[in-house]
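**Q** Okay, handing you the structure first.
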Amino acid sequence: MAFSSVELFVGAGGLAQGLARAEFHPRLVAEWNPQACQTIHENQARGFQLVRDWPVVEGDVRDLSFGHLEGVDLVSGGPPCQPFSMGGKHTAHTDTRDMFPQAVRAVREARPRVFIFENVKGLTRPTFRNYFEYIRLQLQYPELIAREGEDWAEHLARLEQHHLSGHREGLTYRVVTQVLQAADFGVPQKRERVFFVGFRRDLGIDWHFPLPTHSREQLLHDQHVTGVYWERHGLPRPRVMARGVRRPPPQVQGPLLLAAPTPQPWQTVRDALQDLPDPELEGQGRFEDHRFIPGARSYPGHTGSPFDEPSKTLKAGDHGVPGGENMLLKPDGSVRYFTVRESARLQTFDDDYVFSGAWGHVMRQLGNAVPVRLAEVVARSVAQALPPRPA
């Protein structure tokens with residue numbers, strides 16, 4: 001069954017491609033960044049199936065109206081997250097880059113049956129507790145807008161009063177939020193994102209987030225108890241732990257790993273990159289965007305991602321990545337930068353999807369993206385809950 005959607009802040013298209021895999025077809029795709037738009041246009045020109053028919057609008061979402069899209073099945077997007085990033089200035093509601101008000105406006109005007117918004121885990125920090133609740137209540141009651149001269153704290157108080165009053169007139173959504181670990185759903189990257197999902201109340205839908213399908217415990221079990229992880233890669237089980245292979249944690253010796261907590265283990269960097277040539281030694285081979293980038297170096301606190309774990313969270317900071325998140329730590333202790341193709345693999349983009357722009361611009365596109373597989377898992381669960389439209 002196909003559904004209609006509106007995708008805001010599309011970036012490189014991770015969330016939107018996951019939605020497309022779940023049969024959501026966009027009537028509008030909005031993005032202001034020219035490099036990200038060029039990435040989508042280039043893939044459209046190449047005939048990449050998931051983005052081929054996207055109606056892309058390049059520009060500021062504040063200049064768009066959504067009333068003509070009223071009744072669309074889904075509004076989704078990842079509002080710019082710099083105001084809430086762990087590495088940013090943490091300015092939240094005072095930051096002009098905060099686009100959550102525009103996300104709420106899109107819901108108010110389009111009146112979708114459901115919405116999906118995501119952001120960085122930093123939004124859930126105690127520092128932003130009140131503003132997190134403010135976002136949630138605005139999405140729950142999108143027609144209860146701020147009055148002229150009313151600041152956000154006053155508006156929050158009025159939203160709270162309305163919520164406790166029990167009045168549910170007008171456009172109202174059942175909103176659930178949760179922080180999801182991408183590695184728990186088969187993404188070879190430790191990446192936590194907070195999701196807001198809301199179904200229009202008149203639909204009467206009860207929904208919960210998908211349950212994890214992969215686990216760290218099962219990976220440890222496969223590596224340190226049965227050894228099937230090493231067998232799968234045609235490698236001997238390590239006897240001496242190299243710098244790029246972490247020592248078994250204490251719980252390996254206990255009862256935790258005697259039974260599999262999930263059917264599948266976390267996916268590792270080695271799992272994700274196993275069929276790619278080493279760009280430093282062999283070149284990029286038949287893979288696009290897989291060129292060696294020189295200059296990587298390791299120092300305390302900047303050590304890269306080990307081969308045999310999910311990678312660190314790929315980041316898109318304005319001043320680099322302080323934890324070596326865009327570097328691979330090899331078993332011999334040396335480091336090198338992930339190529340664009342390797343980073344795309346860690347974000348679960350298809351190998352046929354290419355990226356436009358200089359390396360720094362492309363890495364920012366990838367660092368800001370939602371892993372395609374994580375988006376697909378959430379979107380499929382939402383799609384299964386939506387009832388068919390009346391004939």
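In the structure tokens, each chain is lettered A, B, ... as it comes, each chain's residues begin at 1, and ligands are numbered from 1 in order of appearance.
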Where in stretch 262-330 of chain A does DSSP assign helix (DSSP H, G or I), given as a PyMOL selection string?

**A** chain A and resi 269-273+279-282

**Q** Tell me, as a PyMOL selection string, which residues lie within 9 Å of stretch 194-207 of chain A, counting only C-alpha atoms; anything in the same chain fewer than 2 positions away does not count.

**A** chain A and resi 111-124+136+139-140+168+171-181+192+209+381-382+385-387

**Q** For those residues, write C-alpha atoms to a file as a JSON list (two decimals), in the first residue's frame.

**A**
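New file result-v6.json:
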```json
[["chain", "number", "residue", "atom", "x", "y", "z"],
["A", 111, "ARG", "CA", -3.08, 18.12, 8.96],
["A", 112, "PRO", "CA", -1.36, 14.79, 8.18],
["A", 113, "ARG", "CA", -2.61, 11.49, 9.51],
["A", 114, "VAL", "CA", 0.80, 10.96, 11.14],
["A", 115, "PHE", "CA", 4.14, 12.73, 11.52],
["A", 116, "ILE", "CA", 7.69, 11.53, 12.14],
["A", 117, "PHE", "CA", 10.35, 13.97, 13.31],
["A", 118, "GLU", "CA", 13.81, 13.12, 14.60],
["A", 119, "ASN", "CA", 16.69, 14.93, 16.21],
["A", 120, "VAL", "CA", 19.92, 14.42, 18.13],
["A", 121, "LYS", "CA", 19.86, 12.77, 21.55],
["A", 122, "GLY", "CA", 21.15, 16.05, 23.00],
["A", 123, "LEU", "CA", 17.60, 17.38, 22.82],
["A", 124, "THR", "CA", 16.72, 15.08, 25.75],
["A", 136, "ARG", "CA", 6.06, 17.69, 22.30],
["A", 139, "LEU", "CA", 3.06, 18.80, 18.16],
["A", 140, "GLN", "CA", 0.22, 17.39, 20.23],
["A", 168, "ARG", "CA", -9.33, 17.75, 22.95],
["A", 171, "LEU", "CA", -6.49, 19.14, 15.55],
["A", 172, "THR", "CA", -4.88, 16.87, 18.15],
["A", 173, "TYR", "CA", -2.24, 14.14, 17.96],
["A", 174, "ARG", "CA", -1.24, 11.20, 20.12],
["A", 175, "VAL", "CA", 2.50, 11.79, 20.43],
["A", 176, "VAL", "CA", 5.12, 9.27, 21.56],
["A", 177, "THR", "CA", 8.84, 9.95, 21.83],
["A", 178, "GLN", "CA", 11.82, 7.65, 22.23],
["A", 179, "VAL", "CA", 15.59, 7.65, 21.85],
["A", 180, "LEU", "CA", 16.56, 4.89, 19.42],
["A", 181, "GLN", "CA", 20.03, 3.38, 19.15],
["A", 192, "GLU", "CA", 21.30, 7.63, 19.03],
["A", 209, "PHE", "CA", 8.12, 2.05, 18.67],
["A", 381, "SER", "CA", 5.98, 0.19, 11.65],
["A", 382, "VAL", "CA", 4.06, 3.44, 11.14],
["A", 385, "ALA", "CA", -0.53, 0.98, 11.74],
["A", 386, "LEU", "CA", -2.17, 3.33, 9.23],
["A", 387, "PRO", "CA", -5.62, 2.17, 8.09]]
```

**Q** Atom CA of A:Val75 to atom CA of A:Val104: how many Å, to one decimal?

**A** 9.9 Å

**Q** Between A:Ala153, A:Val354, A:Ala12, A:Met363, which has the minimum distance to A:Glu325 (counting only C-alpha atoms)?

**A** A:Met363

**Q** Enumerate as an MDAnalysis selection string all residues of stretch 57-296 of chain A assigned to strand (DSSP E) by DSSP on the backbone, naming them with the chain letters and numbers the document uses.

**A** chainID A and resid 57:58 74:77 114:120 173:181 192:200 214:215 264:265

**Q** Please compute the atom CA of A:Thr348-atom CA of A:Arg27 distance, one decimal, in Å.

**A**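 One can read the atom CA of A:Thr348 to atom CA of A:Arg27 distance as 24.2 Å.
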
**Q** Nearest to A:Val269: which of A:Lys190, A:His221, A:Arg232, A:Arg239 is it, counting only C-alpha atoms?

**A**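 Under the stated criterion, the closest residue is A:Lys190.
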